[in-house]
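One structure is given below, encoded as structure tokens.
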Amino acid sequence: MPQAFTPPTPDLAQYSPVGKIRLGDYITYFKAMSTNPLSAWGEDHYKLRIAPFRFLGRKSVMLNDPDTIHHCFVTNASNYKMNPIRQAVLRPFLRDGLLTAEGATWKTARHAVAPVFTPRKINAFAPGIRDVTVENAAAIDCLVGGDISASRLMVDMTLDILIGTLFSGDKALDKTRFTANINRLIEITGIPHVFDLISAPDWIPRIGHGASRRVIADLRRQVGEIADQRRQVSDESGPNKPVAQNKKADFLDLLLGAGLEDEAVIDNLLTFMAAGHETTARSLAWTLYLLSSAPDVREKLEAEIDNATLDEDDPAGWMDQLPWTVAVLKESLRLYPSAPILTRSTLGPDQLGEHKISDNTEIIVSTWLLHRHADLWDAPEEFRPSRFFGEAEKDIPRYAYLPFGLGPRVCIGARFAMMEMVIVLAVLLRRFRFDHVGTQQPVPVMRITLQPDTDMMMRVSRR
Ligand code: HEM
């Protein structure tokens, strides 16, 4: 059997999560947080289960223990709220969208939005996703023989797909302006501001926030205008009807029909964009990189795609027809969880294993660490999709694999994301091969998602 590929990782920090924190540790930590938070983890972080610690007066607990994670996020979820640092980064943009809403507002929104994400509604997006991918494949065909950035390619393609499913190519959308705004936002946000990390008061200005506020205001304006136009048309033609007679309902139609206030529709559309775009784009790009580094895995995947009789009328069904492709994607999400951290704050005291914790304690679950934990995974550093194939998947410890989170706030778009990624891989890899070029291997950098520190240049060839 060929040796499994082990992708490169950031350097380990030289301190321990337990014991006294020294001045040098603070410096290392801040440096890591402002460059690559993944390098804030030392060797012990990959072995610990529960580690309470204090940092700059803030009480925190690092959790790597599946049952305790289940306790915090599921059994006792009502004792936890969203983490203030994450809220400081995301709330100005997403306001009361599902990702950032809290308490009763979140409950109402989740209840209203859940019917938009039923398997039947999500499956109905599959042909549109396939069509956009085929259009993109035609453009890639012109690049055969040349080198392209897989990272850029996937960011652009998934944005195209999402714009198609959110607004179904509504003529009222100035796509260039919208795309430029989203790309600008990816550039300027993504890393917690150091003032947010130390919980400095809101009135202290954060550099870069002015620019992002302008971009956000413009995005909200654009989405608001399209929503207004749709409302007017549906007021004239009856409620919840798609604008054009023969047009399939898109996310905007579905949200307008879900009984949400106008502002909540905008909050949630932008939330789907924020939560669903970069996460999917990064996962696909990392998958292409892994495949190019593991020729045996890639050959097996190509054979599966070539030999499957894929029903062109039902691309949603491809997920069942391509189990190895699904296993590759799951393993890619294990090694590169594109939402690499789940954080919460306690509302009241709790008991985590032998540790009593008080209110206002920060809970940190790094899926990056959990998915590479020495006790939970066999050869955690290796790319081995067979862990997720057939019966082997049953051996994965419960709650040790959480790319989409868990509990009441589990990712509502998980099915959409998996379906989209399978369709994209099936369409592209049936036609092309992507081979990583250059000697510098991409190392993940944690922003809001896991980004590569290179452009991930790949040579495209026709199969
Ligand atoms: C590979 C792709 C994706 C990954 C890895 C991912 C991961 C996650 C994770 C880990 C959470 C839980 C966060 C927490 O508990 O703090 C989450 C929540 C969420 N995701 Fe995703 N996601 C992906 C794609 C999508 C897509 C495509 C959409 C929408 C179209 C979406 C919409 C959401 C929303 C709205 C929430 C908040 C749910 C709530 O709090 O009720 N995600 N996602």
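For the structure tokens, the naming scheme is as follows: chains receive sequential letters (A, B, ...) according to their order of presentation, residues are indexed from 1 within each chain, and ligands are indexed from 1 in presentation order.
For Ile50 of chain A, the residues within 8 Å (counting only C-alpha atoms, excluding itself and residues fewer than 5 positions away along the chain) are A:Val61, A:Met62, A:Leu63, A:Asn64, A:Asp65, A:Leu352, A:Gly353.
Each residue with an atom within 6 Å of any atom of ligand 1 appears in the list, which was built counting only C-alpha atoms and all ligand atoms: Leu98, Leu99, Arg110, Thr271, Phe272, Ala275, Gly276, Thr279, Thr280, Ser283, Pro337, Ser338, Ala339, Leu342, Pro403, Phe404, Gly405, Arg409, Val410, Cys411, Ile412, Gly413, Ala414, Phe416 and Ala417 of chain A.
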Closest of A:Asp262, A:Glu278, A:Glu312, A:Asp11 to Gln451 of chain A - atom-to-atom distances counting only C-alpha atoms
A:Glu278
Could you pull out the alpha helix (DSSP H) residues of segment 88-278 of chain A from DSSP and send them as number ranges by chain?
A: 88-94, 103-113, 119-123, 126-141, 150-167, 175-188, 194-197, 209-237, 251-256, 262-278
I need the residues from that last selection saved to file as a compact mmCIF listing (two decimals), in the first residue's frame (with C-alpha atoms), if you can.
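again09.txt was written with the following content:
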```txt
# COMPACT_ATOMS: atom_id res chain seq x y z
CA ALA A 88 -17.47 41.50 18.09
CA VAL A 89 -16.04 40.32 14.76
CA LEU A 90 -19.22 39.09 13.06
CA ARG A 91 -22.18 40.95 14.54
CA PRO A 92 -21.54 44.36 12.94
CA PHE A 93 -21.92 42.61 9.58
CA LEU A 94 -24.48 39.88 10.22
CA GLY A 103 -31.71 33.90 22.73
CA ALA A 104 -35.31 34.36 21.61
CA THR A 105 -34.31 36.22 18.41
CA TRP A 106 -32.17 33.24 17.33
CA LYS A 107 -34.92 30.74 18.23
CA THR A 108 -37.50 32.62 16.11
CA ALA A 109 -35.06 32.97 13.20
CA ARG A 110 -33.94 29.30 13.29
CA HIS A 111 -37.58 28.20 13.38
CA ALA A 112 -38.43 30.47 10.43
CA VAL A 113 -35.38 29.52 8.38
CA PRO A 119 -33.55 18.10 2.03
CA ARG A 120 -36.24 18.59 -0.66
CA LYS A 121 -35.59 22.35 -0.92
CA ILE A 122 -31.82 21.89 -0.85
CA ASN A 123 -31.93 19.13 -3.49
CA ALA A 126 -28.56 20.81 -7.32
CA PRO A 127 -29.23 21.29 -11.07
CA GLY A 128 -28.41 25.02 -10.75
CA ILE A 129 -25.15 24.19 -8.93
CA ARG A 130 -24.25 21.67 -11.65
CA ASP A 131 -24.99 24.22 -14.42
CA VAL A 132 -22.83 26.95 -12.89
CA THR A 133 -20.00 24.45 -12.42
CA VAL A 134 -20.27 23.29 -16.04
CA GLU A 135 -20.07 26.95 -17.18
CA ASN A 136 -16.97 27.42 -15.03
CA ALA A 137 -15.49 24.20 -16.44
CA ALA A 138 -15.81 25.67 -19.95
CA ALA A 139 -13.75 28.65 -18.80
CA ILE A 140 -11.15 26.35 -17.17
CA ASP A 141 -10.87 24.44 -20.45
CA ALA A 150 -6.82 26.70 -7.01
CA SER A 151 -7.58 28.97 -4.09
CA ARG A 152 -8.79 31.83 -6.33
CA LEU A 153 -10.61 29.43 -8.66
CA MET A 154 -12.65 27.95 -5.84
CA VAL A 155 -13.41 31.32 -4.20
CA ASP A 156 -14.72 32.62 -7.55
CA MET A 157 -16.64 29.49 -8.50
CA THR A 158 -18.39 29.03 -5.15
CA LEU A 159 -19.30 32.72 -5.12
CA ASP A 160 -20.89 32.24 -8.55
CA ILE A 161 -22.79 29.21 -7.24
CA LEU A 162 -23.99 31.00 -4.13
CA ILE A 163 -25.08 34.11 -6.03
CA GLY A 164 -27.01 31.78 -8.33
CA THR A 165 -28.77 30.04 -5.45
CA LEU A 166 -29.38 33.18 -3.38
CA PHE A 167 -30.68 35.43 -6.15
CA LYS A 175 -22.75 41.11 -9.71
CA THR A 176 -19.44 42.90 -10.23
CA ARG A 177 -20.12 45.31 -7.36
CA PHE A 178 -21.40 42.51 -5.13
CA THR A 179 -18.44 40.23 -5.87
CA ALA A 180 -15.94 43.08 -5.34
CA ASN A 181 -17.54 43.83 -1.96
CA ILE A 182 -17.39 40.20 -0.85
CA ASN A 183 -13.76 39.86 -1.93
CA ARG A 184 -12.86 43.10 -0.18
CA LEU A 185 -14.53 41.87 2.98
CA ILE A 186 -12.59 38.59 2.87
CA GLU A 187 -9.41 40.70 2.64
CA ILE A 188 -10.11 43.12 5.48
CA VAL A 194 -6.36 42.69 19.12
CA PHE A 195 -8.68 45.13 20.99
CA ASP A 196 -11.46 42.58 20.68
CA LEU A 197 -9.14 39.88 22.02
CA HIS A 209 -13.19 48.70 10.78
CA GLY A 210 -14.05 51.92 8.88
CA ALA A 211 -13.35 50.27 5.53
CA SER A 212 -15.29 47.13 6.39
CA ARG A 213 -18.25 49.21 7.63
CA ARG A 214 -18.48 50.93 4.23
CA VAL A 215 -18.33 47.61 2.36
CA ILE A 216 -20.95 46.10 4.67
CA ALA A 217 -23.27 49.10 4.24
CA ASP A 218 -23.04 48.75 0.47
CA LEU A 219 -23.74 45.00 0.57
CA ARG A 220 -26.77 45.55 2.80
CA ARG A 221 -28.03 48.27 0.46
CA GLN A 222 -27.72 45.99 -2.57
CA VAL A 223 -29.44 43.03 -0.96
CA GLY A 224 -32.12 45.33 0.51
CA GLU A 225 -32.93 46.80 -2.91
CA ILE A 226 -33.36 43.37 -4.53
CA ALA A 227 -35.49 42.14 -1.63
CA ASP A 228 -37.70 45.27 -1.97
CA GLN A 229 -38.21 44.67 -5.67
CA ARG A 230 -39.11 41.04 -5.09
CA ARG A 231 -41.58 41.97 -2.37
CA GLN A 232 -43.28 44.45 -4.67
CA VAL A 233 -43.61 41.87 -7.43
CA SER A 234 -44.90 39.19 -5.08
CA ASP A 235 -47.38 41.68 -3.52
CA GLU A 236 -48.76 42.16 -7.03
CA SER A 237 -48.74 38.49 -8.10
CA PHE A 251 -32.98 31.49 -1.20
CA LEU A 252 -34.31 35.04 -1.42
CA ASP A 253 -37.79 33.84 -2.48
CA LEU A 254 -37.73 31.23 0.27
CA LEU A 255 -36.70 33.74 2.94
CA LEU A 256 -39.27 36.27 1.80
CA ASP A 262 -37.20 42.81 5.89
CA GLU A 263 -34.10 43.44 8.01
CA ALA A 264 -34.02 39.78 9.07
CA VAL A 265 -34.17 38.69 5.41
CA ILE A 266 -31.10 40.85 4.66
CA ASP A 267 -29.30 39.64 7.82
CA ASN A 268 -29.88 36.03 6.84
CA LEU A 269 -28.98 36.35 3.17
CA LEU A 270 -25.70 37.93 4.15
CA THR A 271 -25.27 35.24 6.81
CA PHE A 272 -25.63 32.48 4.20
CA MET A 273 -23.09 34.33 2.09
CA ALA A 274 -20.68 34.74 5.02
CA ALA A 275 -21.17 31.25 6.46
CA GLY A 276 -21.49 29.35 3.20
CA HIS A 277 -19.10 30.90 0.72
CA GLU A 278 -15.56 30.90 2.01
```
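Between Pro442 of chain A and the candidates A:Pro408, A:Gly24, A:Gly317, A:Pro8, the tightest atom-to-atom separation, counting only C-alpha atoms, involves A:Pro8.
Residues within 8 Å of Arg334 of chain A, counting only C-alpha atoms and excluding same-chain residues fewer than 5 positions away, are Trp368, His371, Arg372, Tyr401 and Pro403 of chain A.
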Of the listed residues A:Asp25, A:Glu382, A:Glu354, A:Glu362, that which approaches Ser60 of chain A most closely, counting only C-alpha atoms
A:Glu362
List every residue of segment 277-355 of chain A that has an atom at most 12 Å from any atom of segment 374-380 of chain A, giving for each one its closest atom pair and the distance in Å to one decimal, counting only C-alpha atoms, sorted by chain and then by ascending residue number, as CSV.
```
residue,atom,partner,partner_atom,distance
A:Glu331,CA,A:Pro380,CA,10.5
A:Arg334,CA,A:Pro380,CA,9.2
A:Leu335,CA,A:Pro380,CA,8.3
A:Tyr336,CA,A:Pro380,CA,11.9
```
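Counting only C-alpha atoms, Arg463 of chain A has the following residues at most 7 Å away, ignoring those fewer than 4 positions along the same chain: A:Arg431, A:Phe432, A:Arg433.
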Find the residues near Gly145 of chain A: any atom within 8 Å, counting only C-alpha atoms, skip ones fewer than 3 places away on the same chain, and give them as a PDB file with N, CA and C atoms, in the first residue's frame.
```pdb
ATOM      1  N   ARG A 459      -1.234  23.131 -12.015  1.00  0.00           N
ATOM      2  CA  ARG A 459      -1.255  22.973 -13.473  1.00  0.00           C
ATOM      3  C   ARG A 459      -2.513  22.190 -13.859  1.00  0.00           C
ATOM      4  N   VAL A 460      -3.235  22.741 -14.832  1.00  0.00           N
ATOM      5  CA  VAL A 460      -4.480  22.074 -15.254  1.00  0.00           C
ATOM      6  C   VAL A 460      -4.196  21.251 -16.502  1.00  0.00           C
ATOM      7  N   SER A 461      -4.621  20.002 -16.480  1.00  0.00           N
ATOM      8  CA  SER A 461      -4.522  19.208 -17.713  1.00  0.00           C
ATOM      9  C   SER A 461      -5.875  18.546 -17.965  1.00  0.00           C
TER      10      SER A 461
END
```
